[in-house]
Structures are given as C-alpha cells and as structure tokens.
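To be precise, the following lines are query-v4.cif, and they hold mmCIF, C-alpha atoms.
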```
data_entry
#
loop_
_atom_site.label_atom_id
_atom_site.label_comp_id
_atom_site.auth_asym_id
_atom_site.auth_seq_id
_atom_site.Cartn_x
_atom_site.Cartn_y
_atom_site.Cartn_z
CA MET A 1 33.26 192.47 116.88
CA GLY A 2 33.58 196.20 117.62
CA ILE A 3 31.08 198.88 116.64
CA THR A 4 33.40 200.36 114.01
CA GLU A 5 33.94 196.99 112.39
CA THR A 6 30.22 196.23 112.50
CA LEU A 7 29.38 199.53 110.80
CA SER A 8 31.83 198.78 108.00
CA TYR A 9 29.53 196.10 106.64
CA SER A 10 27.12 197.29 103.96
CA PHE A 11 24.27 195.13 105.26
CA MET A 12 24.48 196.89 108.64
CA GLN A 13 24.48 200.31 107.00
CA ARG A 14 21.39 199.40 104.98
CA ALA A 15 19.66 197.95 108.04
CA LEU A 16 20.35 201.00 110.22
CA LEU A 17 19.24 203.48 107.55
CA ALA A 18 16.06 201.68 106.55
CA GLY A 19 15.21 200.73 110.14
CA SER A 20 15.61 204.30 111.40
CA LEU A 21 13.47 205.76 108.63
CA ILE A 22 10.70 203.22 109.09
CA GLY A 23 10.90 203.61 112.87
CA VAL A 24 10.26 207.35 112.48
CA LEU A 25 7.25 206.66 110.25
CA CYS A 26 5.75 204.15 112.68
CA ALA A 27 6.32 206.50 115.60
CA VAL A 28 4.73 209.54 113.94
CA LEU A 29 1.70 207.74 112.55
CA GLY A 30 1.38 205.77 115.79
CA CYS A 31 0.69 208.97 117.75
CA PHE A 32 -2.32 209.74 115.56
CA LEU A 33 -3.55 206.14 115.61
CA VAL A 34 -3.23 205.67 119.38
CA LEU A 35 -5.12 208.88 120.15
CA ARG A 36 -7.83 207.98 117.62
CA ARG A 37 -8.15 204.47 119.13
CA LEU A 38 -7.09 202.94 115.83
CA SER A 39 -3.86 201.36 117.01
CA LEU A 40 -5.08 197.84 116.14
CA ILE A 41 -5.37 198.79 112.46
CA GLY A 42 -1.64 198.03 112.21
CA ASP A 43 -2.26 194.47 113.35
CA GLY A 44 -5.16 194.05 110.92
CA LEU A 45 -3.20 195.40 107.97
CA ALA A 46 -0.26 193.21 108.95
CA HIS A 47 -2.45 190.16 108.41
CA VAL A 48 -3.47 191.53 105.02
CA THR A 49 0.22 192.07 104.27
CA PHE A 50 0.79 188.38 104.98
CA GLY A 51 -1.78 187.53 102.31
CA SER A 52 -0.27 189.97 99.80
CA VAL A 53 3.26 188.64 100.39
CA ALA A 54 2.02 185.08 99.92
CA LEU A 55 0.48 186.26 96.63
CA ALA A 56 3.79 187.80 95.50
CA LEU A 57 5.77 184.70 96.43
CA PHE A 58 3.18 182.52 94.68
CA PHE A 59 4.12 184.32 91.45
CA LYS A 60 7.86 184.07 92.28
CA LEU A 61 8.26 187.77 93.05
CA TYR A 62 10.80 188.62 95.75
CA SER A 63 12.45 191.54 97.58
CA ALA A 64 11.36 194.96 96.27
CA ALA A 65 8.96 193.31 93.79
CA ALA A 66 7.09 191.70 96.70
CA ILE A 67 6.75 195.12 98.34
CA LEU A 68 5.39 196.63 95.12
CA VAL A 69 2.78 193.85 94.94
CA SER A 70 1.83 194.29 98.60
CA LEU A 71 1.44 198.08 98.51
CA PRO A 72 -1.72 198.36 96.35
CA VAL A 73 -3.34 195.32 97.99
CA VAL A 74 -2.84 196.57 101.55
CA MET A 75 -3.78 200.15 100.66
CA LEU A 76 -7.05 198.99 99.08
CA CYS A 77 -7.81 196.89 102.15
CA SER A 78 -7.15 199.87 104.43
CA LEU A 79 -9.78 201.82 102.50
CA GLY A 80 -12.06 198.79 102.83
CA ILE A 81 -11.72 198.94 106.62
CA LEU A 82 -12.58 202.63 106.56
CA ARG A 83 -15.58 202.10 104.28
CA LEU A 84 -16.93 199.22 106.38
CA SER A 85 -16.68 201.24 109.59
CA GLU A 86 -18.43 204.23 107.97
CA ARG A 87 -21.12 202.56 105.87
CA ALA A 88 -21.88 199.17 107.46
CA ARG A 89 -22.71 200.53 110.94
CA MET A 90 -19.95 198.61 112.64
CA THR A 91 -17.15 199.69 114.94
CA GLY A 92 -13.61 200.11 113.69
CA ASP A 93 -12.31 197.02 115.49
CA THR A 94 -15.04 194.88 113.89
CA ALA A 95 -14.10 196.11 110.42
CA ILE A 96 -10.42 195.48 111.18
CA GLY A 97 -11.27 191.96 112.34
CA ILE A 98 -13.19 191.13 109.15
CA VAL A 99 -10.47 192.34 106.79
CA SER A 100 -7.75 190.84 108.98
CA SER A 101 -9.31 187.37 108.95
CA LEU A 102 -9.76 187.54 105.19
CA GLY A 103 -6.10 188.50 104.72
CA ILE A 104 -4.72 185.72 106.91
CA ALA A 105 -7.01 183.12 105.32
CA ALA A 106 -5.94 184.18 101.82
CA GLY A 107 -2.29 184.06 102.88
CA VAL A 108 -2.54 180.53 104.29
CA LEU A 109 -4.36 179.34 101.16
CA LEU A 110 -1.80 180.88 98.79
CA ALA A 111 1.11 179.58 100.88
CA SER A 112 -0.37 176.09 100.68
CA LEU A 113 -0.86 176.32 96.91
CA GLY A 114 2.68 177.69 96.52
CA GLY A 115 4.32 174.79 98.30
CA GLY A 116 4.01 175.68 101.97
CA PHE A 117 5.70 178.09 104.36
CA ASN A 118 9.16 178.46 102.85
CA VAL A 119 12.15 180.45 104.06
CA ASP A 120 11.14 183.56 102.10
CA LEU A 121 7.69 183.72 103.69
CA PHE A 122 9.12 183.21 107.18
CA SER A 123 11.54 186.11 106.63
CA TYR A 124 8.55 188.39 106.05
CA LEU A 125 6.58 186.93 108.96
CA PHE A 126 9.31 187.51 111.55
CA GLY A 127 11.49 190.15 109.90
CA ASN A 128 14.93 190.00 108.35
CA ILE A 129 16.23 193.56 108.27
CA LEU A 130 19.87 192.42 108.06
CA ALA A 131 19.05 190.95 104.63
CA ILE A 132 17.36 194.09 103.30
CA SER A 133 18.42 194.84 99.71
CA ARG A 134 19.66 198.08 98.17
CA GLU A 135 16.44 198.33 96.13
CA GLU A 136 14.35 197.98 99.30
CA VAL A 137 16.36 200.72 101.00
CA LEU A 138 15.84 203.08 98.05
CA LEU A 139 12.13 202.26 98.04
CA ALA A 140 11.96 202.90 101.79
CA ILE A 141 13.70 206.27 101.42
CA THR A 142 11.33 207.34 98.64
CA LEU A 143 8.13 206.26 100.37
CA CYS A 144 9.27 207.61 103.75
CA GLY A 145 9.85 210.99 102.14
CA ILE A 146 6.37 210.97 100.63
CA VAL A 147 4.73 210.05 103.94
CA LEU A 148 6.60 212.68 105.98
CA VAL A 149 5.84 215.41 103.43
CA LEU A 150 2.12 214.57 103.50
CA VAL A 151 2.02 214.44 107.32
CA THR A 152 3.78 217.82 107.49
CA PHE A 153 1.51 219.42 104.88
CA PHE A 154 -1.72 218.13 106.47
CA TYR A 155 -0.49 218.34 110.06
CA ASN A 156 -3.11 220.84 111.28
CA ASP A 157 -5.99 218.87 109.74
CA LEU A 158 -4.69 215.59 111.14
CA MET A 159 -4.27 217.08 114.61
CA ALA A 160 -7.73 218.71 114.57
CA MET A 161 -9.39 215.46 113.52
CA THR A 162 -7.42 213.43 116.05
CA PHE A 163 -8.61 215.44 119.04
CA ASN A 164 -12.16 216.32 117.96
CA GLU A 165 -13.46 214.95 114.68
CA GLU A 166 -16.89 216.61 114.93
CA LEU A 167 -15.37 220.04 115.61
CA ALA A 168 -12.90 219.53 112.76
CA ARG A 169 -15.75 218.71 110.36
CA VAL A 170 -17.70 221.80 111.42
CA SER A 171 -14.54 223.89 111.01
CA GLY A 172 -14.27 222.86 107.35
CA VAL A 173 -11.77 220.02 107.59
CA ARG A 174 -12.50 217.32 105.00
CA THR A 175 -12.47 214.61 107.63
CA ARG A 176 -13.36 211.76 105.26
CA GLY A 177 -10.43 212.55 102.99
CA ILE A 178 -8.03 213.03 105.90
CA SER A 179 -9.16 209.71 107.43
CA ALA A 180 -8.56 207.99 104.10
CA MET A 181 -5.10 209.55 103.85
CA LEU A 182 -4.23 208.41 107.39
CA VAL A 183 -5.18 204.77 106.79
CA LEU A 184 -3.40 204.79 103.41
CA LEU A 185 -0.21 206.13 105.00
CA THR A 186 -0.55 203.50 107.71
CA ALA A 187 -0.91 200.78 105.08
CA LEU A 188 2.21 202.01 103.31
CA THR A 189 4.15 202.07 106.57
CA VAL A 190 3.01 198.56 107.53
CA VAL A 191 4.26 197.19 104.21
CA LEU A 192 7.62 198.92 104.65
CA ALA A 193 7.97 197.73 108.24
CA MET A 194 7.51 194.03 107.47
CA LYS A 195 11.23 193.56 106.76
CA VAL A 196 12.21 195.47 109.93
CA VAL A 197 10.26 193.60 112.62
CA GLY A 198 8.17 191.17 110.59
CA ILE A 199 4.48 190.99 109.81
CA MET A 200 3.66 189.42 113.19
CA LEU A 201 5.24 192.28 115.19
CA ILE A 202 4.45 195.40 113.13
CA SER A 203 1.73 196.71 115.44
CA ALA A 204 4.26 196.86 118.31
CA LEU A 205 6.41 199.34 116.38
CA LEU A 206 3.33 201.50 115.77
CA ILE A 207 2.14 201.41 119.37
CA LEU A 208 5.12 201.23 121.77
CA PRO A 209 7.19 204.37 120.88
CA SER A 210 4.11 206.58 120.55
CA SER A 211 2.61 205.29 123.80
CA ALA A 212 5.86 205.97 125.63
CA ALA A 213 6.13 209.47 124.17
CA LEU A 214 2.53 210.33 125.03
CA GLN A 215 3.31 209.43 128.66
CA LEU A 216 6.05 212.08 128.81
CA ALA A 217 5.35 214.88 126.34
CA LYS A 218 3.32 217.92 127.35
CA GLY A 219 2.32 218.87 123.81
CA PHE A 220 1.40 216.92 120.70
CA ARG A 221 4.25 218.23 118.56
CA ALA A 222 6.69 217.32 121.33
CA ALA A 223 5.10 213.86 121.47
CA LEU A 224 5.71 213.34 117.75
CA LEU A 225 9.38 214.32 118.04
CA LEU A 226 9.95 212.28 121.20
CA SER A 227 8.18 209.26 119.70
CA ALA A 228 10.42 209.42 116.63
CA GLY A 229 13.52 209.68 118.81
CA LEU A 230 12.49 206.72 120.96
CA ALA A 231 11.70 204.63 117.90
CA VAL A 232 15.07 205.29 116.29
CA THR A 233 16.82 204.55 119.59
CA GLY A 234 14.91 201.28 119.91
CA VAL A 235 15.62 200.20 116.33
CA ILE A 236 19.36 200.98 116.45
CA THR A 237 19.80 199.42 119.90
CA GLY A 238 17.83 196.36 118.83
CA ILE A 239 19.90 195.85 115.69
CA PHE A 240 23.23 196.05 117.54
CA ALA A 241 21.94 193.85 120.38
CA SER A 242 20.69 191.21 117.96
CA VAL A 243 24.02 191.12 116.10
CA GLY A 244 26.08 191.03 119.28
CA LEU A 245 23.96 188.39 121.02
CA ASN A 246 23.00 186.44 117.88
CA LEU A 247 19.26 186.99 118.43
CA PRO A 248 16.36 187.46 115.95
CA THR A 249 16.55 191.12 114.95
CA GLY A 250 12.84 191.90 114.62
CA ALA A 251 11.94 190.41 118.00
CA THR A 252 14.91 192.13 119.65
CA ILE A 253 13.83 195.54 118.29
CA VAL A 254 10.33 195.03 119.67
CA LEU A 255 11.61 193.91 123.08
CA VAL A 256 13.93 196.94 123.31
CA ASN A 257 11.01 199.24 122.48
CA PHE A 258 8.91 197.50 125.12
CA GLY A 259 11.74 197.97 127.61
CA ILE A 260 11.79 201.70 126.82
CA PHE A 261 8.02 201.91 127.29
CA ALA A 262 8.21 199.98 130.59
CA LEU A 263 10.93 202.31 131.89
CA VAL A 264 8.96 205.41 130.91
CA TYR A 265 5.72 204.09 132.42
CA SER A 266 7.39 202.94 135.65
CA GLY A 267 9.35 206.19 135.96
CA LYS A 268 6.20 208.26 135.54
CA ARG A 269 4.35 206.23 138.18
CA LEU A 270 7.22 206.64 140.66
CA TRP A 271 7.44 210.37 139.92
CA ALA A 272 3.69 210.74 140.49
CA ARG A 273 3.96 209.04 143.92
CA ASP A 274 6.65 211.49 145.00
#
```

Rewrite the structure of this file - the entire thing - as structure tokens.
Amino acid sequence: MGITETLSYSFMQRALLAGSLIGVLCAVLGCFLVLRRLSLIGDGLAHVTFGSVALALFFKLYSAAAILVSLPVVMLCSLGILRLSERARMTGDTAIGIVSSLGIAAGVLLASLGGGFNVDLFSYLFGNILAISREEVLLAITLCGIVLVLVTFFYNDLMAMTFNEELARVSGVRTRGISAMLVLLTALTVVLAMKVVGIMLISALLILPSSAALQLAKGFRAALLLSAGLAVTGVITGIFASVGLNLPTGATIVLVNFGIFALVYSGKRLWARD
C-alpha cells in the first residue's frame, strides 16, 4: 500500500491530525515538566486515567463520552497531587505515588465489577489511534487550542517558575496558580494522549521528545519548537511504520521516539568526544 493510498483513508487522516496535535502538546508541556523534575506526573496521572476510563466504561460510556468523564476526574487528581506535595510535607514523587496507586486500584475494582478487562478497556490501555472517532478529533482540536493559547499567554511566568521558583515568587509571579495551571494542562494532555499511545505509555510521549530537544537546543524557546517537531516526526513515522509492518501503533510511536532520543544522545556524546 503506497503513501498516497494510505492517506486517502479517513481513519489515517484522523489519526495523523489528532496524533500530531497531541504530540505537540506532550512535547511542549514535557519541557516544563522535565526541567521541574515533574516528568513522572504523567505516569501517575495515566494510572488515574485508567481508573476514570474504567468508571466511564462501567456506565457504558464510550469514545468522546469516556474522555469527557475522564477529564474532570484526572484534573481533580492532578490538583490533589499538587496539594499533597505542598501541604502534607511530602515530595512530589510521593504524592504522585499515592494518587497513582489509588487510581490503578479503583480502575481494577471497577473493571472487575464491570465484567473484566474487555476490548474497550484494552484499547485505552495500549492505544488505538487508528480507531479514533471524528468526535474525538474535534475534541482534541478544541482542547489543544485551549492548552496552546494558555501556554503562550503565560509563557514568561511558566519559564520563570521553571528555572527559579523562589525568584519568580519574589518577582511577583503567582507561582501557586501557575503550578496549578501546569498540572491541569498536563492532566488534560494525558487524557487526550490515551488514544494515541495508550495509558501505559503516555509518560514516554511527555518525556522522550522534550529530553531529546533539551540535549540539542541552546535556548528554551528553541527547545520547545524542536521538541514539538521531534514529537510530530515520531508520531507520523510511528503511525506509518505500524500500518506498513502491522504493528501496535502506540508502542511503535513510543519506540520511534525512543530511537530519535537515542540518536540525539549518542550523536551529542560523539560530538563532545571530537
């Protein structure tokens, strides 16, 4: 099957559009999260997403309806992680671990009550971007637009807090509100990304493109742009590779992104030796 013929299918068009948009979101937010040492929040919220999806499927809600159920649940849990780390005198990874374990336990319980791990739940666990619906694409476009507008509008505050939170607070940046916005945007992105790479692999899409870009870029703005470009390249290459080789799409996207990171890291090490 040639590229032109492959692109003629509507499911491929939807997958490429939604995957590229969500890849950009993961890449941009990933830069902030990696530098703030919060990259594992994606993994924790992914486990909460598993619980919220199990809740939606328990009530026979599918596709875009499942996303709409997951969004408020995961966003509330992201604020819970932030509140625990601020008020309960515990580190961020401890708070992530507590909320993560609660989410996965709730998901397993609801899946058991709903009749076990069916095909629908597995599609969210491991991704099924080729089956993404028109409603999910429209929802992804809308929410992606909202996230990118907020990141652009609060870019200076986000950057200041990322590099020196204490200095940002002294300079008048409302760090608590900006931190809340960052984890909420991350929660939204995690929910959107579950159909691209699956709940089990979401954190890779947040970490790999941004980590590769931060190895190469000399400035933070350049890192954001490069990270977005690498993420889109990884998503598109992964989708075509999975279709051509008949491989799981979500896992293929992650492996392609890892390959890009490995090439960048190895190339930088070799360049440094010379």

Checklist entry - What would the list of residues within 9 Å of (0.6, 186.2, 96.8) (file frame) look like as a ChimeraX atom specification, if only C-alpha atoms are what count? => result /A:50-61,66,69-70,106-107,110-111,114

Checklist entry - Excluding same-chain residues fewer than 4 positions from segment 155-169 of chain A, what lies within 7 Å of it counting only C-alpha atoms, as a ChimeraX atom specification? => result /A:32,35-36,151,173-175,178

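Across A:Trp271, A:Leu192, A:Thr252, A:Ile236, the tightest approach to Ile3 of chain A is made by A:Ile236 when counting all atoms listed in the file.
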
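Nearest-residue note for Leu148 of chain A: choosing from A:Thr189, A:Ser211, A:Asn128, A:Ser171, the minimum distance belongs to A:Thr189, counting all atoms listed in the file.
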
Next on the checklist: Between atom CA of Ser210 of chain A and atom CA of Val191 of chain A, what is the distance in Å, rounded to a tenth?
Outcome noted: 18.8 Å

Next on the checklist: Between atom CA of Leu38 of chain A and atom CA of Val108 of chain A, what distance in Å does the model show, to one decimal?
Outcome noted: 25.6 Å

Item to check | Nearest residue to Leu224 of chain A from the set A:Met194, A:Ala212, A:Leu16, A:Ile81 (distances using all atoms listed in the file) | outcome: A:Ala212

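Closest approach to Ala231 of chain A among A:Leu130, A:Ala140, A:Val256, A:Val183: A:Val256, based on only C-alpha atoms.
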
Next on the checklist: Just checking: using all atoms listed in the file, which residue out of A:Leu7, A:Cys26, A:Ile67, A:Met12 ends up closest to Val232 of chain A?
Outcome noted: A:Cys26

Next on the checklist: Neighbouring residues of Val235 of chain A were defined as those with any atom within 7 Å, considering all atoms listed in the file; residues of the same chain fewer than 4 positions away were excluded. Please report them as a list in words.
Outcome noted: Gly19, Ser20, Gly23, Ala231, Ile239 and Ile253 of chain A

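Distances from A:Ile202, A:Ile132, A:Leu138, A:Leu21 to Ile41 of chain A were compared using all atoms listed in the file, and the smallest one belongs to A:Ile202.
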
Next on the checklist: (18.7, 196.1, 100.0) in this file's frame - what residues fall within 12 Å of it? Use all atoms listed in the file and give the answer as number ranges by chain.
Outcome noted: A: 10-19, 62-65, 128-141, 195-196

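Here atom CA of Leu214 of chain A is placed at a distance of 19.1 Å from atom CA of Thr152 of chain A.
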
Next on the checklist: What's around Leu225 of chain A at 9 Å? Count all atoms listed in the file, leave out sequence neighbours fewer than 3 positions away in its own chain, and write the answer as number ranges by chain.
Outcome noted: A: 24, 27-28, 213, 220-222, 228-230

Padded axis-aligned box of segment 186-194 of chain A (6 Å per side), centre and edge lengths, Å, one decimal, as AutoDock Vina command-line options:
```
--center_x 3.5 --center_y 198.8 --center_z 105.8 --size_x 20.9 --size_y 21.5 --size_z 16.9
```

Next on the checklist: What would the selection look like, as a ChimeraX atom specification, if the PyMOL selection byres ((chain A and resi 82) around 9) were run on the coordinates I just shared?
Outcome noted: /A:77-81,83-87,92,95-96,179-180,183

Checklist entry - Can you tell me, as a PyMOL selection string, what residues are no more than 7 Å from Val48 of chain A when counting all atoms listed in the file, ignoring any on the same chain fewer than 5 positions away? => result chain A and resi 74+100+103-104

For segment 222-254 of chain A of the block above, can you save N, CA and C atoms as a CSV table (one decimal), in the first residue's frame?
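Saved the output as part-v3.csv:
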```
chain,number,residue,atom,x,y,z
A,222,ALA,N,13.8,27.6,21.7
A,222,ALA,CA,14.3,26.7,20.7
A,222,ALA,C,14.0,25.3,21.1
A,223,ALA,N,14.1,25.0,22.4
A,223,ALA,CA,13.9,23.6,22.9
A,223,ALA,C,12.4,23.3,22.7
A,224,LEU,N,11.5,24.2,23.0
A,224,LEU,CA,10.1,24.0,22.8
A,224,LEU,C,9.7,23.7,21.3
A,225,LEU,N,10.3,24.5,20.4
A,225,LEU,CA,10.0,24.3,19.0
A,225,LEU,C,10.6,23.0,18.5
A,226,LEU,N,11.8,22.7,18.9
A,226,LEU,CA,12.5,21.4,18.5
A,226,LEU,C,11.7,20.2,19.0
A,227,SER,N,11.3,20.3,20.3
A,227,SER,CA,10.6,19.2,20.9
A,227,SER,C,9.3,18.9,20.2
A,228,ALA,N,8.6,20.0,19.8
A,228,ALA,CA,7.3,19.8,19.1
A,228,ALA,C,7.6,19.1,17.7
A,229,GLY,N,8.7,19.6,17.0
A,229,GLY,CA,9.0,19.0,15.8
A,229,GLY,C,9.4,17.5,15.9
A,230,LEU,N,10.2,17.2,16.9
A,230,LEU,CA,10.5,15.8,17.1
A,230,LEU,C,9.3,14.9,17.4
A,231,ALA,N,8.4,15.5,18.2
A,231,ALA,CA,7.3,14.7,18.6
A,231,ALA,C,6.4,14.4,17.4
A,232,VAL,N,6.1,15.4,16.6
A,232,VAL,CA,5.3,15.2,15.4
A,232,VAL,C,6.0,14.2,14.4
A,233,THR,N,7.3,14.3,14.3
A,233,THR,CA,8.0,13.4,13.4
A,233,THR,C,7.9,12.0,13.9
A,234,GLY,N,8.0,11.8,15.3
A,234,GLY,CA,7.9,10.5,15.9
A,234,GLY,C,6.5,9.9,15.7
A,235,VAL,N,5.5,10.7,15.9
A,235,VAL,CA,4.1,10.2,15.8
A,235,VAL,C,3.8,9.8,14.4
A,236,ILE,N,4.1,10.7,13.4
A,236,ILE,CA,3.8,10.4,12.0
A,236,ILE,C,4.6,9.2,11.5
A,237,THR,N,5.9,9.1,11.8
A,237,THR,CA,6.7,8.0,11.4
A,237,THR,C,6.1,6.7,12.1
A,238,GLY,N,5.8,6.8,13.4
A,238,GLY,CA,5.3,5.6,14.1
A,238,GLY,C,4.0,5.1,13.5
A,239,ILE,N,3.1,6.0,13.1
A,239,ILE,CA,1.8,5.6,12.5
A,239,ILE,C,2.0,4.9,11.2
A,240,PHE,N,2.8,5.4,10.3
A,240,PHE,CA,3.1,4.8,9.0
A,240,PHE,C,3.8,3.5,9.2
A,241,ALA,N,4.8,3.4,10.1
A,241,ALA,CA,5.5,2.2,10.4
A,241,ALA,C,4.6,1.1,10.9
A,242,SER,N,3.7,1.5,11.8
A,242,SER,CA,2.8,0.5,12.4
A,242,SER,C,1.8,-0.1,11.3
A,243,VAL,N,1.3,0.8,10.4
A,243,VAL,CA,0.4,0.3,9.4
A,243,VAL,C,1.2,-0.5,8.4
A,244,GLY,N,2.4,-0.1,8.0
A,244,GLY,CA,3.1,-0.9,7.0
A,244,GLY,C,3.6,-2.2,7.5
A,245,LEU,N,4.0,-2.3,8.8
A,245,LEU,CA,4.5,-3.5,9.3
A,245,LEU,C,3.5,-4.3,10.2
A,246,ASN,N,2.3,-3.8,10.2
A,246,ASN,CA,1.2,-4.4,11.0
A,246,ASN,C,1.6,-4.6,12.5
A,247,LEU,N,2.1,-3.5,13.1
A,247,LEU,CA,2.5,-3.5,14.5
A,247,LEU,C,1.5,-2.6,15.3
A,248,PRO,N,1.5,-2.8,16.7
A,248,PRO,CA,0.7,-1.9,17.5
A,248,PRO,C,1.1,-0.5,17.4
A,249,THR,N,0.2,0.4,17.1
A,249,THR,CA,0.5,1.8,16.8
A,249,THR,C,1.1,2.5,18.0
A,250,GLY,N,0.5,2.5,19.1
A,250,GLY,CA,1.0,3.2,20.3
A,250,GLY,C,2.4,2.8,20.6
A,251,ALA,N,2.7,1.5,20.7
A,251,ALA,CA,4.1,1.0,21.0
A,251,ALA,C,5.1,1.5,20.0
A,252,THR,N,4.6,1.4,18.7
A,252,THR,CA,5.6,1.8,17.6
A,252,THR,C,5.9,3.3,17.7
A,253,ILE,N,4.9,4.1,18.0
A,253,ILE,CA,5.2,5.6,18.2
A,253,ILE,C,6.2,5.8,19.3
A,254,VAL,N,6.1,5.1,20.4
A,254,VAL,CA,7.0,5.3,21.5
A,254,VAL,C,8.4,4.8,21.2
```
